[in-house]
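Undergrad: Sharing structure.cif, mmCIF, N, CA and C atoms:
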data_target
#
loop_
_atom_site.label_atom_id
_atom_site.label_comp_id
_atom_site.auth_asym_id
_atom_site.auth_seq_id
_atom_site.Cartn_x
_atom_site.Cartn_y
_atom_site.Cartn_z
N MET A 1 136.27 93.44 92.85
CA MET A 1 135.09 92.75 92.37
C MET A 1 134.43 93.59 91.29
N ALA A 2 134.13 92.99 90.19
CA ALA A 2 133.48 93.70 89.09
C ALA A 2 131.97 93.58 89.20
N GLY A 3 131.29 94.66 88.87
CA GLY A 3 129.83 94.62 88.84
C GLY A 3 129.21 94.74 90.22
N SER A 4 127.92 94.47 90.28
CA SER A 4 127.21 94.54 91.55
C SER A 4 126.14 93.46 91.57
N LEU A 5 125.53 93.28 92.73
CA LEU A 5 124.53 92.23 92.90
C LEU A 5 123.40 92.76 93.75
N ASN A 6 122.18 92.56 93.31
CA ASN A 6 120.99 92.92 94.07
C ASN A 6 120.08 91.71 94.04
N ARG A 7 120.22 90.84 95.04
CA ARG A 7 119.45 89.60 95.07
C ARG A 7 118.99 89.33 96.50
N VAL A 8 117.73 88.95 96.64
CA VAL A 8 117.14 88.68 97.94
C VAL A 8 116.51 87.30 97.90
N MET A 9 116.74 86.51 98.94
CA MET A 9 116.08 85.20 99.09
C MET A 9 115.53 85.15 100.51
N LEU A 10 114.23 84.93 100.63
CA LEU A 10 113.56 84.91 101.93
C LEU A 10 112.67 83.68 102.05
N ILE A 11 112.61 83.12 103.25
CA ILE A 11 111.62 82.10 103.58
C ILE A 11 110.92 82.62 104.83
N GLY A 12 109.61 82.76 104.74
CA GLY A 12 108.86 83.27 105.87
C GLY A 12 107.38 83.02 105.71
N ARG A 13 106.62 83.55 106.66
CA ARG A 13 105.16 83.37 106.65
C ARG A 13 104.48 84.69 106.32
N LEU A 14 103.38 84.58 105.58
CA LEU A 14 102.61 85.77 105.23
C LEU A 14 101.91 86.32 106.47
N THR A 15 101.98 87.63 106.67
CA THR A 15 101.35 88.25 107.83
C THR A 15 99.93 88.73 107.55
N ARG A 16 99.55 88.73 106.29
CA ARG A 16 98.18 89.08 105.90
C ARG A 16 97.88 88.42 104.56
N ASP A 17 96.63 88.41 104.19
CA ASP A 17 96.24 87.85 102.89
C ASP A 17 96.83 88.70 101.77
N PRO A 18 97.17 88.07 100.64
CA PRO A 18 97.69 88.83 99.50
C PRO A 18 96.66 89.83 99.00
N GLU A 19 97.16 90.90 98.41
CA GLU A 19 96.30 91.95 97.88
C GLU A 19 96.59 92.12 96.39
N LEU A 20 95.63 91.76 95.56
CA LEU A 20 95.80 91.86 94.11
C LEU A 20 95.19 93.17 93.63
N ARG A 21 95.99 93.92 92.88
CA ARG A 21 95.54 95.18 92.28
C ARG A 21 95.91 95.17 90.81
N TYR A 22 95.43 96.17 90.11
CA TYR A 22 95.74 96.30 88.69
C TYR A 22 96.24 97.71 88.42
N THR A 23 97.26 97.81 87.59
CA THR A 23 97.76 99.11 87.17
C THR A 23 96.72 99.75 86.25
N PRO A 24 96.84 101.05 85.97
CA PRO A 24 95.89 101.69 85.04
C PRO A 24 95.84 101.01 83.67
N SER A 25 96.95 100.36 83.27
CA SER A 25 96.96 99.67 81.97
C SER A 25 96.39 98.25 82.06
N GLY A 26 95.99 97.82 83.29
CA GLY A 26 95.37 96.50 83.45
C GLY A 26 96.33 95.40 83.85
N THR A 27 97.59 95.73 84.16
CA THR A 27 98.57 94.72 84.56
C THR A 27 98.35 94.33 86.02
N PRO A 28 98.22 93.03 86.33
CA PRO A 28 98.03 92.61 87.72
C PRO A 28 99.33 92.73 88.51
N VAL A 29 99.19 93.13 89.77
CA VAL A 29 100.31 93.19 90.70
C VAL A 29 99.78 92.76 92.07
N CYS A 30 100.53 91.88 92.73
CA CYS A 30 100.10 91.33 94.02
C CYS A 30 101.08 91.79 95.10
N ASN A 31 100.55 92.31 96.20
CA ASN A 31 101.38 92.73 97.33
C ASN A 31 101.28 91.69 98.43
N LEU A 32 102.45 91.27 98.93
CA LEU A 32 102.53 90.32 100.03
C LEU A 32 103.26 90.98 101.20
N ALA A 33 102.91 90.58 102.41
CA ALA A 33 103.62 91.01 103.61
C ALA A 33 104.19 89.75 104.25
N LEU A 34 105.52 89.71 104.42
CA LEU A 34 106.22 88.50 104.85
C LEU A 34 106.97 88.77 106.15
N ALA A 35 106.95 87.81 107.06
CA ALA A 35 107.72 87.90 108.30
C ALA A 35 108.76 86.79 108.31
N THR A 36 109.99 87.17 108.67
CA THR A 36 111.07 86.19 108.82
C THR A 36 111.61 86.31 110.24
N ASN A 37 112.11 85.21 110.76
CA ASN A 37 112.65 85.18 112.12
C ASN A 37 114.15 84.97 112.10
N ARG A 38 114.82 85.56 113.07
CA ARG A 38 116.25 85.37 113.26
C ARG A 38 116.51 85.35 114.76
N TYR A 39 117.66 84.83 115.15
CA TYR A 39 118.00 84.71 116.56
C TYR A 39 119.25 85.53 116.86
N GLY A 40 119.26 86.10 118.03
CA GLY A 40 120.40 86.90 118.46
C GLY A 40 120.30 87.15 119.95
N THR A 41 121.14 88.05 120.44
CA THR A 41 121.11 88.39 121.86
C THR A 41 120.58 89.80 122.03
N ASP A 42 119.80 90.01 123.08
CA ASP A 42 119.27 91.34 123.34
C ASP A 42 120.28 92.15 124.15
N THR A 43 119.90 93.32 124.62
CA THR A 43 120.83 94.19 125.34
C THR A 43 121.29 93.59 126.67
N ASN A 44 120.53 92.65 127.22
CA ASN A 44 120.91 91.98 128.47
C ASN A 44 121.76 90.74 128.23
N GLY A 45 122.09 90.44 126.96
CA GLY A 45 122.88 89.27 126.64
C GLY A 45 122.08 87.99 126.57
N GLU A 46 120.76 88.08 126.66
CA GLU A 46 119.89 86.91 126.59
C GLU A 46 119.59 86.58 125.13
N ARG A 47 119.61 85.28 124.82
CA ARG A 47 119.28 84.84 123.45
C ARG A 47 117.78 84.94 123.25
N ARG A 48 117.39 85.57 122.14
CA ARG A 48 115.97 85.70 121.84
C ARG A 48 115.73 85.73 120.35
N GLU A 49 114.47 85.60 119.99
CA GLU A 49 114.06 85.59 118.58
C GLU A 49 113.62 87.00 118.18
N PHE A 50 114.08 87.43 117.00
CA PHE A 50 113.68 88.72 116.43
C PHE A 50 112.91 88.46 115.15
N THR A 51 111.95 89.30 114.85
CA THR A 51 111.16 89.16 113.64
C THR A 51 111.38 90.38 112.75
N ASP A 52 111.64 90.13 111.46
CA ASP A 52 111.76 91.19 110.47
C ASP A 52 110.57 91.08 109.52
N TYR A 53 110.08 92.23 109.07
CA TYR A 53 108.92 92.28 108.19
C TYR A 53 109.35 92.82 106.83
N HIS A 54 108.83 92.22 105.77
CA HIS A 54 109.22 92.56 104.40
C HIS A 54 107.98 92.78 103.54
N ASP A 55 108.00 93.83 102.76
CA ASP A 55 106.97 94.06 101.76
C ASP A 55 107.45 93.46 100.44
N VAL A 56 106.60 92.67 99.80
CA VAL A 56 106.96 91.98 98.57
C VAL A 56 105.96 92.36 97.48
N VAL A 57 106.47 92.66 96.29
CA VAL A 57 105.63 93.00 95.14
C VAL A 57 105.84 91.90 94.10
N VAL A 58 104.74 91.30 93.64
CA VAL A 58 104.80 90.21 92.67
C VAL A 58 104.04 90.62 91.41
N TRP A 59 104.71 90.53 90.25
CA TRP A 59 104.12 90.86 88.96
C TRP A 59 103.98 89.58 88.14
N ASN A 60 103.05 89.58 87.20
CA ASN A 60 103.04 88.53 86.18
C ASN A 60 104.28 88.73 85.33
N GLN A 61 104.89 87.62 84.88
CA GLN A 61 106.12 87.71 84.09
C GLN A 61 105.95 86.89 82.83
N GLY A 62 105.69 87.57 81.72
CA GLY A 62 105.47 86.86 80.47
C GLY A 62 104.22 86.00 80.58
N ASN A 63 104.39 84.71 80.27
CA ASN A 63 103.27 83.77 80.37
C ASN A 63 103.03 83.28 81.79
N ARG A 64 103.97 83.58 82.70
CA ARG A 64 103.82 83.16 84.10
C ARG A 64 102.88 84.11 84.83
N LYS A 65 101.77 83.62 85.27
CA LYS A 65 100.76 84.43 85.97
C LYS A 65 101.06 84.42 87.48
N LEU A 66 102.26 84.82 87.83
CA LEU A 66 102.75 84.73 89.21
C LEU A 66 101.91 85.55 90.18
N ALA A 67 101.57 86.80 89.83
CA ALA A 67 100.79 87.66 90.72
C ALA A 67 99.40 87.06 90.95
N GLU A 68 98.77 86.60 89.90
CA GLU A 68 97.43 86.06 90.02
C GLU A 68 97.41 84.75 90.81
N LEU A 69 98.41 83.90 90.62
CA LEU A 69 98.48 82.64 91.38
C LEU A 69 98.71 82.90 92.86
N CYS A 70 99.57 83.86 93.18
CA CYS A 70 99.80 84.20 94.60
C CYS A 70 98.51 84.69 95.24
N SER A 71 97.79 85.53 94.53
CA SER A 71 96.53 86.06 95.05
C SER A 71 95.49 84.96 95.24
N GLN A 72 95.48 84.02 94.32
CA GLN A 72 94.45 82.98 94.34
C GLN A 72 94.73 81.91 95.40
N TYR A 73 95.98 81.50 95.58
CA TYR A 73 96.27 80.33 96.41
C TYR A 73 96.95 80.60 97.74
N LEU A 74 97.43 81.81 97.97
CA LEU A 74 98.08 82.11 99.24
C LEU A 74 97.13 82.82 100.18
N GLN A 75 97.37 82.66 101.47
CA GLN A 75 96.64 83.40 102.48
C GLN A 75 97.52 83.54 103.72
N LYS A 76 97.07 84.38 104.63
CA LYS A 76 97.81 84.66 105.85
C LYS A 76 98.25 83.36 106.53
N GLY A 77 99.51 83.32 106.95
CA GLY A 77 100.04 82.16 107.67
C GLY A 77 100.80 81.18 106.80
N ARG A 78 100.66 81.25 105.48
CA ARG A 78 101.34 80.30 104.60
C ARG A 78 102.84 80.56 104.57
N LEU A 79 103.61 79.48 104.48
CA LEU A 79 105.06 79.55 104.39
C LEU A 79 105.45 79.63 102.92
N VAL A 80 106.26 80.64 102.55
CA VAL A 80 106.65 80.83 101.16
C VAL A 80 108.14 81.13 101.06
N TYR A 81 108.68 80.79 99.89
CA TYR A 81 110.03 81.17 99.49
C TYR A 81 109.88 82.27 98.46
N VAL A 82 110.58 83.38 98.67
CA VAL A 82 110.52 84.51 97.74
C VAL A 82 111.94 84.83 97.30
N GLU A 83 112.12 84.98 96.00
CA GLU A 83 113.41 85.38 95.46
C GLU A 83 113.17 86.59 94.57
N GLY A 84 114.06 87.57 94.67
CA GLY A 84 113.90 88.77 93.86
C GLY A 84 115.01 89.76 94.12
N ARG A 85 114.68 91.05 93.98
CA ARG A 85 115.66 92.11 94.18
C ARG A 85 115.03 93.21 95.02
N LEU A 86 115.87 93.98 95.71
CA LEU A 86 115.39 95.12 96.47
C LEU A 86 115.16 96.30 95.54
N GLN A 87 114.10 97.03 95.80
CA GLN A 87 113.80 98.21 95.01
C GLN A 87 113.23 99.26 95.96
N THR A 88 113.73 100.49 95.87
CA THR A 88 113.24 101.58 96.69
C THR A 88 112.49 102.58 95.81
N ARG A 89 111.27 102.90 96.22
CA ARG A 89 110.46 103.90 95.52
C ARG A 89 110.39 105.15 96.40
N SER A 90 110.22 106.30 95.78
CA SER A 90 110.03 107.53 96.53
C SER A 90 108.90 108.34 95.93
N TRP A 91 108.23 109.13 96.78
CA TRP A 91 107.14 109.99 96.34
C TRP A 91 107.01 111.13 97.33
N ASP A 92 106.32 112.18 96.92
CA ASP A 92 106.05 113.32 97.79
C ASP A 92 104.70 113.13 98.45
N ASP A 93 104.68 113.15 99.78
CA ASP A 93 103.45 112.99 100.53
C ASP A 93 102.65 114.28 100.42
N ALA A 94 101.45 114.19 99.88
CA ALA A 94 100.62 115.38 99.64
C ALA A 94 100.19 116.03 100.95
N GLN A 95 99.95 115.23 101.99
CA GLN A 95 99.47 115.79 103.26
C GLN A 95 100.56 116.52 104.02
N SER A 96 101.73 115.87 104.17
CA SER A 96 102.80 116.47 104.97
C SER A 96 103.80 117.25 104.13
N GLY A 97 103.81 117.03 102.82
CA GLY A 97 104.76 117.71 101.96
C GLY A 97 106.16 117.13 102.02
N GLN A 98 106.34 116.01 102.73
CA GLN A 98 107.65 115.38 102.87
C GLN A 98 107.85 114.32 101.81
N LYS A 99 109.12 114.05 101.52
CA LYS A 99 109.47 112.97 100.61
C LYS A 99 109.40 111.66 101.39
N ARG A 100 108.72 110.68 100.84
CA ARG A 100 108.56 109.36 101.48
C ARG A 100 109.30 108.33 100.66
N TYR A 101 109.79 107.28 101.36
CA TYR A 101 110.52 106.19 100.72
C TYR A 101 109.94 104.86 101.17
N ARG A 102 110.00 103.88 100.27
CA ARG A 102 109.56 102.52 100.60
C ARG A 102 110.47 101.54 99.88
N THR A 103 111.08 100.65 100.64
CA THR A 103 111.93 99.61 100.08
C THR A 103 111.17 98.30 100.11
N GLU A 104 111.11 97.62 98.95
CA GLU A 104 110.34 96.39 98.81
C GLU A 104 111.17 95.36 98.06
N VAL A 105 110.75 94.12 98.19
CA VAL A 105 111.33 93.04 97.40
C VAL A 105 110.48 92.91 96.15
N ASN A 106 111.09 93.08 94.99
CA ASN A 106 110.41 92.88 93.71
C ASN A 106 110.66 91.41 93.33
N ALA A 107 109.65 90.57 93.50
CA ALA A 107 109.82 89.12 93.39
C ALA A 107 109.93 88.65 91.95
N SER A 108 110.89 87.78 91.70
CA SER A 108 111.01 87.11 90.41
C SER A 108 110.54 85.66 90.51
N ASP A 109 110.44 85.14 91.74
CA ASP A 109 110.01 83.75 91.96
C ASP A 109 109.35 83.66 93.33
N VAL A 110 108.23 82.95 93.41
CA VAL A 110 107.55 82.67 94.66
C VAL A 110 107.20 81.20 94.66
N GLN A 111 107.55 80.51 95.73
CA GLN A 111 107.20 79.08 95.84
C GLN A 111 106.45 78.85 97.14
N PHE A 112 105.38 78.06 97.06
CA PHE A 112 104.59 77.72 98.23
C PHE A 112 105.28 76.54 98.91
N LEU A 113 105.65 76.68 100.17
CA LEU A 113 106.46 75.64 100.83
C LEU A 113 105.68 74.71 101.73
N ASP A 114 104.57 75.14 102.27
CA ASP A 114 103.82 74.26 103.17
C ASP A 114 102.54 73.79 102.51
N SER A 115 101.97 72.77 103.10
CA SER A 115 100.66 72.34 102.63
C SER A 115 99.63 73.27 103.25
N ARG A 116 98.48 73.32 102.70
CA ARG A 116 97.44 74.20 103.24
C ARG A 116 97.10 73.84 104.67
N GLN A 117 97.22 72.59 105.04
CA GLN A 117 96.90 72.18 106.40
C GLN A 117 97.90 72.75 107.40
N ASP A 118 99.16 72.97 106.98
CA ASP A 118 100.18 73.52 107.86
C ASP A 118 100.02 75.02 108.06
N GLY A 119 99.47 75.70 107.07
CA GLY A 119 99.32 77.15 107.13
C GLY A 119 97.90 77.52 107.51
N ALA A 120 97.32 78.41 106.75
CA ALA A 120 95.97 78.89 107.03
C ALA A 120 94.94 77.99 106.34
N ALA A 121 93.71 78.41 106.35
CA ALA A 121 92.63 77.62 105.76
C ALA A 121 92.83 77.46 104.26
N ALA A 122 92.35 76.35 103.74
CA ALA A 122 92.51 76.04 102.31
C ALA A 122 91.58 76.91 101.47
N PRO A 123 92.01 77.28 100.25
CA PRO A 123 91.12 78.02 99.36
C PRO A 123 89.99 77.12 98.86
N VAL A 124 88.98 77.73 98.28
CA VAL A 124 87.81 77.00 97.82
C VAL A 124 88.18 76.02 96.71
N SER A 125 88.98 76.46 95.73
CA SER A 125 89.36 75.56 94.64
C SER A 125 90.70 74.92 94.96
N PRO A 126 90.79 73.58 94.93
CA PRO A 126 92.03 72.90 95.31
C PRO A 126 93.12 73.07 94.26
N VAL A 127 94.36 72.99 94.72
CA VAL A 127 95.53 73.00 93.85
C VAL A 127 96.40 71.82 94.28
N PRO A 128 97.00 71.10 93.36
CA PRO A 128 97.83 69.98 93.76
C PRO A 128 98.98 70.41 94.64
N GLU A 129 99.30 69.62 95.64
CA GLU A 129 100.43 69.90 96.54
C GLU A 129 101.60 69.05 96.12
N PRO A 130 102.85 69.47 96.24
CA PRO A 130 103.19 70.84 96.62
C PRO A 130 102.97 71.79 95.47
N ALA A 131 102.59 73.01 95.77
CA ALA A 131 102.32 74.00 94.73
C ALA A 131 103.55 74.87 94.55
N ALA A 132 104.32 74.61 93.56
CA ALA A 132 105.49 75.42 93.27
C ALA A 132 105.14 76.37 92.15
N VAL A 133 105.37 77.64 92.39
CA VAL A 133 105.08 78.66 91.40
C VAL A 133 106.39 79.29 91.01
N GLY A 134 106.62 79.43 89.74
CA GLY A 134 107.85 80.10 89.31
C GLY A 134 108.70 79.16 88.50
N GLY A 135 109.91 79.62 88.22
CA GLY A 135 110.76 78.90 87.29
C GLY A 135 111.72 77.95 87.95
N GLY A 136 111.72 77.82 89.28
CA GLY A 136 112.71 76.98 89.94
C GLY A 136 112.40 75.50 89.81
N GLY A 137 111.14 75.15 89.68
CA GLY A 137 110.75 73.76 89.53
C GLY A 137 110.82 72.98 90.82
N GLY A 138 109.74 72.92 91.57
CA GLY A 138 109.67 72.10 92.76
C GLY A 138 109.92 72.88 94.03
N ASP A 139 109.84 72.15 95.14
CA ASP A 139 110.04 72.76 96.45
C ASP A 139 111.51 73.06 96.69
N VAL A 140 111.74 73.96 97.62
CA VAL A 140 113.09 74.30 98.03
C VAL A 140 113.45 73.44 99.23
N ASP A 141 114.54 72.71 99.12
CA ASP A 141 115.04 71.93 100.24
C ASP A 141 115.84 72.88 101.12
N PRO A 142 115.47 73.04 102.43
CA PRO A 142 116.20 73.97 103.28
C PRO A 142 117.71 73.69 103.33
N ASP A 143 118.12 72.46 103.10
CA ASP A 143 119.55 72.13 103.10
C ASP A 143 120.28 72.71 101.89
N ASP A 144 119.54 73.06 100.82
CA ASP A 144 120.15 73.62 99.62
C ASP A 144 120.35 75.13 99.71
N ILE A 145 119.76 75.78 100.71
CA ILE A 145 119.89 77.22 100.85
C ILE A 145 121.22 77.54 101.53
N PRO A 146 122.02 78.43 100.93
CA PRO A 146 123.40 78.62 101.43
C PRO A 146 123.53 79.51 102.65
N PHE A 147 122.54 79.60 103.51
CA PHE A 147 122.68 80.39 104.73
C PHE A 147 121.95 79.75 105.87
#
Please render this file's structure as structure tokens.

TA:
Amino acid sequence: MAGSLNRVMLIGRLTRDPELRYTPSGTPVCNLALATNRYGTDTNGERREFTDYHDVVVWNQGNRKLAELCSQYLQKGRLVYVEGRLQTRSWDDAQSGQKRYRTEVNASDVQFLDSRQDGAAAPVSPVPEPAAVGGGGGDVDPDDIPF
């Protein structure tokens, strides 16, 4: 196989409200915390549900104000589709002196999948439903996802 691939596709619910910050140069960046569920068997052979947690970083991309839209219209409990790539950052912890690592999904597309009534409380300013953000155009049909 030639080349490599770094692509992530997730559908899950936000575990907390989005956090919008700005870089020193004024670029907006939005942090999301996403939970996804999967099913498997535990050590006793019983079928059970497992939850995985993902940190997602959303940037504005050109004219697409993706980070700002996520911050404005998403809140804890909302169902979203996130597409992007994995990225690992490292830094030296000043307190312990140890090297720290964090792996996150760097989002290239975020789509709102549920109506506000299905998720958390609605924001003050309404947005037409369904609210699709990003370049995919429209909602994601779960039957179209290849897994």

Undergrad: For the file shown, report as a ChimeraX atom specification the outcome of the PyMOL selection byres (((chain A and resi 71 and name CA) around 10) and name CA) at residue level.

TA: /A:17-21,28-32,58,66-70,72-75

Undergrad: With N, CA and C atoms kept, could you save the residues just selected as a PDB file, in the coordinates of the input?

TA:
ATOM      1  N   ASP A  17      96.630  88.410 104.190  1.00  0.00           N
ATOM      2  CA  ASP A  17      96.240  87.850 102.890  1.00  0.00           C
ATOM      3  C   ASP A  17      96.830  88.700 101.770  1.00  0.00           C
ATOM      4  N   PRO A  18      97.170  88.070 100.640  1.00  0.00           N
ATOM      5  CA  PRO A  18      97.690  88.830  99.500  1.00  0.00           C
ATOM      6  C   PRO A  18      96.660  89.830  99.000  1.00  0.00           C
ATOM      7  N   GLU A  19      97.160  90.900  98.410  1.00  0.00           N
ATOM      8  CA  GLU A  19      96.300  91.950  97.880  1.00  0.00           C
ATOM      9  C   GLU A  19      96.590  92.120  96.390  1.00  0.00           C
ATOM     10  N   LEU A  20      95.630  91.760  95.560  1.00  0.00           N
ATOM     11  CA  LEU A  20      95.800  91.860  94.110  1.00  0.00           C
ATOM     12  C   LEU A  20      95.190  93.170  93.630  1.00  0.00           C
ATOM     13  N   ARG A  21      95.990  93.920  92.880  1.00  0.00           N
ATOM     14  CA  ARG A  21      95.540  95.180  92.280  1.00  0.00           C
ATOM     15  C   ARG A  21      95.910  95.170  90.810  1.00  0.00           C
ATOM     16  N   PRO A  28      98.220  93.030  86.330  1.00  0.00           N
ATOM     17  CA  PRO A  28      98.030  92.610  87.720  1.00  0.00           C
ATOM     18  C   PRO A  28      99.330  92.730  88.510  1.00  0.00           C
ATOM     19  N   VAL A  29      99.190  93.130  89.770  1.00  0.00           N
ATOM     20  CA  VAL A  29     100.310  93.190  90.700  1.00  0.00           C
ATOM     21  C   VAL A  29      99.780  92.760  92.070  1.00  0.00           C
ATOM     22  N   CYS A  30     100.530  91.880  92.730  1.00  0.00           N
ATOM     23  CA  CYS A  30     100.100  91.330  94.020  1.00  0.00           C
ATOM     24  C   CYS A  30     101.080  91.790  95.100  1.00  0.00           C
ATOM     25  N   ASN A  31     100.550  92.310  96.200  1.00  0.00           N
ATOM     26  CA  ASN A  31     101.380  92.730  97.330  1.00  0.00           C
ATOM     27  C   ASN A  31     101.280  91.690  98.430  1.00  0.00           C
ATOM     28  N   LEU A  32     102.450  91.270  98.930  1.00  0.00           N
ATOM     29  CA  LEU A  32     102.530  90.320 100.030  1.00  0.00           C
ATOM     30  C   LEU A  32     103.260  90.980 101.200  1.00  0.00           C
ATOM     31  N   VAL A  58     104.740  91.300  93.640  1.00  0.00           N
ATOM     32  CA  VAL A  58     104.800  90.210  92.670  1.00  0.00           C
ATOM     33  C   VAL A  58     104.040  90.620  91.410  1.00  0.00           C
ATOM     34  N   LEU A  66     102.260  84.820  87.830  1.00  0.00           N
ATOM     35  CA  LEU A  66     102.750  84.730  89.210  1.00  0.00           C
ATOM     36  C   LEU A  66     101.910  85.550  90.180  1.00  0.00           C
ATOM     37  N   ALA A  67     101.570  86.800  89.830  1.00  0.00           N
ATOM     38  CA  ALA A  67     100.790  87.660  90.720  1.00  0.00           C
ATOM     39  C   ALA A  67      99.400  87.060  90.950  1.00  0.00           C
ATOM     40  N   GLU A  68      98.770  86.600  89.900  1.00  0.00           N
ATOM     41  CA  GLU A  68      97.430  86.060  90.020  1.00  0.00           C
ATOM     42  C   GLU A  68      97.410  84.750  90.810  1.00  0.00           C
ATOM     43  N   LEU A  69      98.410  83.900  90.620  1.00  0.00           N
ATOM     44  CA  LEU A  69      98.480  82.640  91.380  1.00  0.00           C
ATOM     45  C   LEU A  69      98.710  82.900  92.860  1.00  0.00           C
ATOM     46  N   CYS A  70      99.570  83.860  93.180  1.00  0.00           N
ATOM     47  CA  CYS A  70      99.800  84.200  94.600  1.00  0.00           C
ATOM     48  C   CYS A  70      98.510  84.690  95.240  1.00  0.00           C
ATOM     49  N   GLN A  72      95.480  84.020  94.320  1.00  0.00           N
ATOM     50  CA  GLN A  72      94.450  82.980  94.340  1.00  0.00           C
ATOM     51  C   GLN A  72      94.730  81.910  95.400  1.00  0.00           C
ATOM     52  N   TYR A  73      95.980  81.500  95.580  1.00  0.00           N
ATOM     53  CA  TYR A  73      96.270  80.330  96.410  1.00  0.00           C
ATOM     54  C   TYR A  73      96.950  80.600  97.740  1.00  0.00           C
ATOM     55  N   LEU A  74      97.430  81.810  97.970  1.00  0.00           N
ATOM     56  CA  LEU A  74      98.080  82.110  99.240  1.00  0.00           C
ATOM     57  C   LEU A  74      97.130  82.820 100.180  1.00  0.00           C
ATOM     58  N   GLN A  75      97.370  82.660 101.470  1.00  0.00           N
ATOM     59  CA  GLN A  75      96.640  83.400 102.480  1.00  0.00           C
ATOM     60  C   GLN A  75      97.520  83.540 103.720  1.00  0.00           C
TER      61      GLN A  75
END

Undergrad: Select, from A:Gln87, A:Thr27, A:Asn37, A:Gln61, the residue with the minimum atom-to-atom distance to A:Arg13, counting only N, CA and C atoms.

TA: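 That would be A:Asn37, the residue with the smallest distance to A:Arg13.
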
Undergrad: Which distance in Å separates atom CA of A:Tyr39 and atom CA of A:Gln111, to one decimal?

TA: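 These atoms are spaced 24.0 Å apart.
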
Undergrad: Rank nothing, just name the residue among A:Tyr101, A:Gly84, A:Arg78, A:Trp91 nearest to A:Gly12, using all atoms listed in the file.

TA: A:Arg78

Undergrad: Quick one: pull the distance between atom C of A:Leu113 and atom CA of A:Tyr81, Å, one decimal.

TA: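 That distance, rounded to one decimal, is 8.1 Å.
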
Undergrad: Residues at most 7 Å from A:Arg48, counting all atoms listed in the file, excluding those fewer than 6 positions away in the same chain, as a list in words?

TA: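 With the cut-off at 7 Å, the set is Arg38, Tyr39, Gly40, Thr41 and Asp42 of chain A.
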
Undergrad: Would you work out the distance separating atom CA of A:Thr15 from atom CA of A:Val110, expressed in Å to one decimal?

TA: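 It comes out at 15.6 Å.
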
Undergrad: Could you spell out the hits of the PyMOL selection byres (((chain A and resi 105 and name CA) around 10) and name CA) on the shown file, as a short mmCIF file (atom, residue, chain, number, x, y, z; two decimals) with N, CA and C atoms, in the frame of the given file?

TA:
data_model
loop_
_atom_site.label_atom_id
_atom_site.label_comp_id
_atom_site.auth_asym_id
_atom_site.auth_seq_id
_atom_site.Cartn_x
_atom_site.Cartn_y
_atom_site.Cartn_z
N ARG A 7 120.22 90.84 95.04
CA ARG A 7 119.45 89.60 95.07
C ARG A 7 118.99 89.33 96.50
N VAL A 8 117.73 88.95 96.64
CA VAL A 8 117.14 88.68 97.94
C VAL A 8 116.51 87.30 97.90
N MET A 9 116.74 86.51 98.94
CA MET A 9 116.08 85.20 99.09
C MET A 9 115.53 85.15 100.51
N LEU A 10 114.23 84.93 100.63
CA LEU A 10 113.56 84.91 101.93
C LEU A 10 112.67 83.68 102.05
N ASN A 31 100.55 92.31 96.20
CA ASN A 31 101.38 92.73 97.33
C ASN A 31 101.28 91.69 98.43
N LEU A 32 102.45 91.27 98.93
CA LEU A 32 102.53 90.32 100.03
C LEU A 32 103.26 90.98 101.20
N HIS A 54 108.83 92.22 105.77
CA HIS A 54 109.22 92.56 104.40
C HIS A 54 107.98 92.78 103.54
N ASP A 55 108.00 93.83 102.76
CA ASP A 55 106.97 94.06 101.76
C ASP A 55 107.45 93.46 100.44
N VAL A 56 106.60 92.67 99.80
CA VAL A 56 106.96 91.98 98.57
C VAL A 56 105.96 92.36 97.48
N VAL A 57 106.47 92.66 96.29
CA VAL A 57 105.63 93.00 95.14
C VAL A 57 105.84 91.90 94.10
N VAL A 58 104.74 91.30 93.64
CA VAL A 58 104.80 90.21 92.67
C VAL A 58 104.04 90.62 91.41
N VAL A 82 110.58 83.38 98.67
CA VAL A 82 110.52 84.51 97.74
C VAL A 82 111.94 84.83 97.30
N GLU A 83 112.12 84.98 96.00
CA GLU A 83 113.41 85.38 95.46
C GLU A 83 113.17 86.59 94.57
N GLY A 84 114.06 87.57 94.67
CA GLY A 84 113.90 88.77 93.86
C GLY A 84 115.01 89.76 94.12
N ARG A 85 114.68 91.05 93.98
CA ARG A 85 115.66 92.11 94.18
C ARG A 85 115.03 93.21 95.02
N LEU A 86 115.87 93.98 95.71
CA LEU A 86 115.39 95.12 96.47
C LEU A 86 115.16 96.30 95.54
N GLN A 87 114.10 97.03 95.80
CA GLN A 87 113.80 98.21 95.01
C GLN A 87 113.23 99.26 95.96
N THR A 88 113.73 100.49 95.87
CA THR A 88 113.24 101.58 96.69
C THR A 88 112.49 102.58 95.81
N THR A 103 111.08 100.65 100.64
CA THR A 103 111.93 99.61 100.08
C THR A 103 111.17 98.30 100.11
N GLU A 104 111.11 97.62 98.95
CA GLU A 104 110.34 96.39 98.81
C GLU A 104 111.17 95.36 98.06
N ASN A 106 111.09 93.08 94.99
CA ASN A 106 110.41 92.88 93.71
C ASN A 106 110.66 91.41 93.33
N ALA A 107 109.65 90.57 93.50
CA ALA A 107 109.82 89.12 93.39
C ALA A 107 109.93 88.65 91.95
N SER A 108 110.89 87.78 91.70
CA SER A 108 111.01 87.11 90.41
C SER A 108 110.54 85.66 90.51
#

Undergrad: What lies within 7 Å of A:Tyr53 using only C-alpha atoms, ignoring chain neighbours under 6 positions off, as a ChimeraX atom specification?

TA: /A:34-36
